[in-house]
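Notes follow the structure.
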Amino acid sequence: MSHVNQKIALTGTMRPDGQVRHVSMLLSSTARGARLARLLAVDALRSWEVPYETAGQVVAELAANAATHGRVPGRSFRLTLYVVGTTLRIEVTDTRGDRRPVLREPGGIEESGRGLFLVDALADRWGVAEGRHPRKTVWAEIDLTTSPERGTSRFGDVGG
């Protein structure tokens, strides 16, 4: 892991409504960095005693997109996780603000193109926030309480 460009910051702040948990990691924009993002996210969520199966898949898809479509040689992507109250927020920031993600139905035989389709199916909400040029952040939120049946897109535009 020492050869992977990473920086991890852990904080915990008490609030009137409970514990706010936060982790942020800077990872190399490679397939290895994307896999590491998922592993580190699952480890953090386990330590917080937060359900991690769905979140791990969402992190895997967003990190893979950042390493593939948001890649700029020599630049990293950032994974940030927040738990505030009963909501887990996942953010992946890359340096390709000019390439916004597009949600599309995957074809039957295509080997790629399913990432955002899976994020849309698994997350309660997701969207894209423009950052300081040249950055963008793709975010997803997962309600940690029982949620209604999922079946419609929960895509949000800039902001979040």
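Each chain in the structure tokens gets a letter, A, B and so on, in the order shown; residues start at 1 in every chain, and ligands are counted from 1 in the order they appear.
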Selection near Glu49 of chain A, 12 Å with only C-alpha atoms, sequence-local residues under 5 positions removed, as a list in words: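 The residues that qualify are Arg21, Val42, Asp43, Ala44, Val83 and Leu144 of chain A.
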From a DSSP pass on the backbone, collect the residues of segment 40-121 of chain A flagged as helix (DSSP H, G or I) and hand them back as an MDAnalysis selection string. chainID A and resid 40:47 53:68 115:121
Near-segment 130-136 of chain A list (6 Å; only C-alpha atoms; drop same-chain fewer than 3 positions) as number ranges by chain: A: 93-97
Nearest residue to Gly70 of chain A out of A:Val92, A:Ala37, A:Val58, A:Val50, using only C-alpha atoms?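 Selected residue with least distance to Gly70 of chain A: A:Val92.
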Taking 2 positions as the minimum chain separation for residues in the same chain, which residues sit within 9 Å of Leu62 of chain A when counting only C-alpha atoms? Answer as a list in words. Ala34, Gln57, Val58, Val59, Ala60, Ala64, Asn65, Ala66, Ala67, Ile90, Glu91, Val92, Gly115, Leu116, Val119, Val138, Trp139 and Ala140 of chain A
Take the residues just selected and output them with C-alpha atoms as a PDB file, in the first residue's frame.
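The result, stored in again-v2.pdb:
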ATOM      1  CA  ALA A  34     -10.234   1.993  -7.020  1.00  0.00           C
ATOM      2  CA  GLN A  57     -20.630  -1.642  -4.036  1.00  0.00           C
ATOM      3  CA  VAL A  58     -21.452   2.051  -4.521  1.00  0.00           C
ATOM      4  CA  VAL A  59     -17.888   3.027  -3.567  1.00  0.00           C
ATOM      5  CA  ALA A  60     -16.510   0.398  -5.969  1.00  0.00           C
ATOM      6  CA  ALA A  64     -13.857   2.713 -10.792  1.00  0.00           C
ATOM      7  CA  ASN A  65     -15.516   5.542 -12.748  1.00  0.00           C
ATOM      8  CA  ALA A  66     -13.077   8.076 -11.276  1.00  0.00           C
ATOM      9  CA  ALA A  67     -10.093   5.872 -12.129  1.00  0.00           C
ATOM     10  CA  ILE A  90     -20.248   8.857  -0.295  1.00  0.00           C
ATOM     11  CA  GLU A  91     -18.300  11.385  -2.374  1.00  0.00           C
ATOM     12  CA  VAL A  92     -15.742  10.681  -5.082  1.00  0.00           C
ATOM     13  CA  GLY A 115     -21.629   1.627 -12.963  1.00  0.00           C
ATOM     14  CA  LEU A 116     -24.045   4.534 -12.621  1.00  0.00           C
ATOM     15  CA  VAL A 119     -25.363   3.363  -8.188  1.00  0.00           C
ATOM     16  CA  VAL A 138     -20.044  12.421  -7.805  1.00  0.00           C
ATOM     17  CA  TRP A 139     -21.967  11.734  -4.602  1.00  0.00           C
ATOM     18  CA  ALA A 140     -24.418   9.131  -3.376  1.00  0.00           C
TER      19      ALA A 140
END
Run DSSP on the backbone and tell me which residues of segment 58-131 of chain A come out as strand (DSSP E); list them as a ChimeraX atom specification. /A:76-84,87-94,125-130
Write the residues you've just listed into a file as a CSV table (one decimal), in the first residue's frame, and include C-alpha atoms for each of them.
chain,number,residue,atom,x,y,z
A,76,SER,CA,-5.4,11.3,-7.8
A,77,PHE,CA,-9.1,11.0,-6.8
A,78,ARG,CA,-10.5,11.6,-3.4
A,79,LEU,CA,-13.0,9.3,-1.6
A,80,THR,CA,-14.9,10.9,1.3
A,81,LEU,CA,-17.4,9.1,3.6
A,82,TYR,CA,-19.7,10.9,6.1
A,83,VAL,CA,-22.3,9.4,8.4
A,84,VAL,CA,-24.6,12.1,9.7
A,87,THR,CA,-27.5,9.0,6.3
A,88,LEU,CA,-24.3,7.7,4.8
A,89,ARG,CA,-22.9,10.1,2.1
A,90,ILE,CA,-20.2,8.9,-0.3
A,91,GLU,CA,-18.3,11.4,-2.4
A,92,VAL,CA,-15.7,10.7,-5.1
A,93,THR,CA,-13.9,13.7,-6.5
A,94,ASP,CA,-11.8,13.6,-9.6
A,125,ARG,CA,-30.0,9.7,-3.9
A,126,TRP,CA,-27.0,10.6,-6.1
A,127,GLY,CA,-25.8,13.5,-8.2
A,128,VAL,CA,-22.9,15.5,-9.4
A,129,ALA,CA,-21.5,18.7,-7.9
A,130,GLU,CA,-19.1,20.9,-9.8
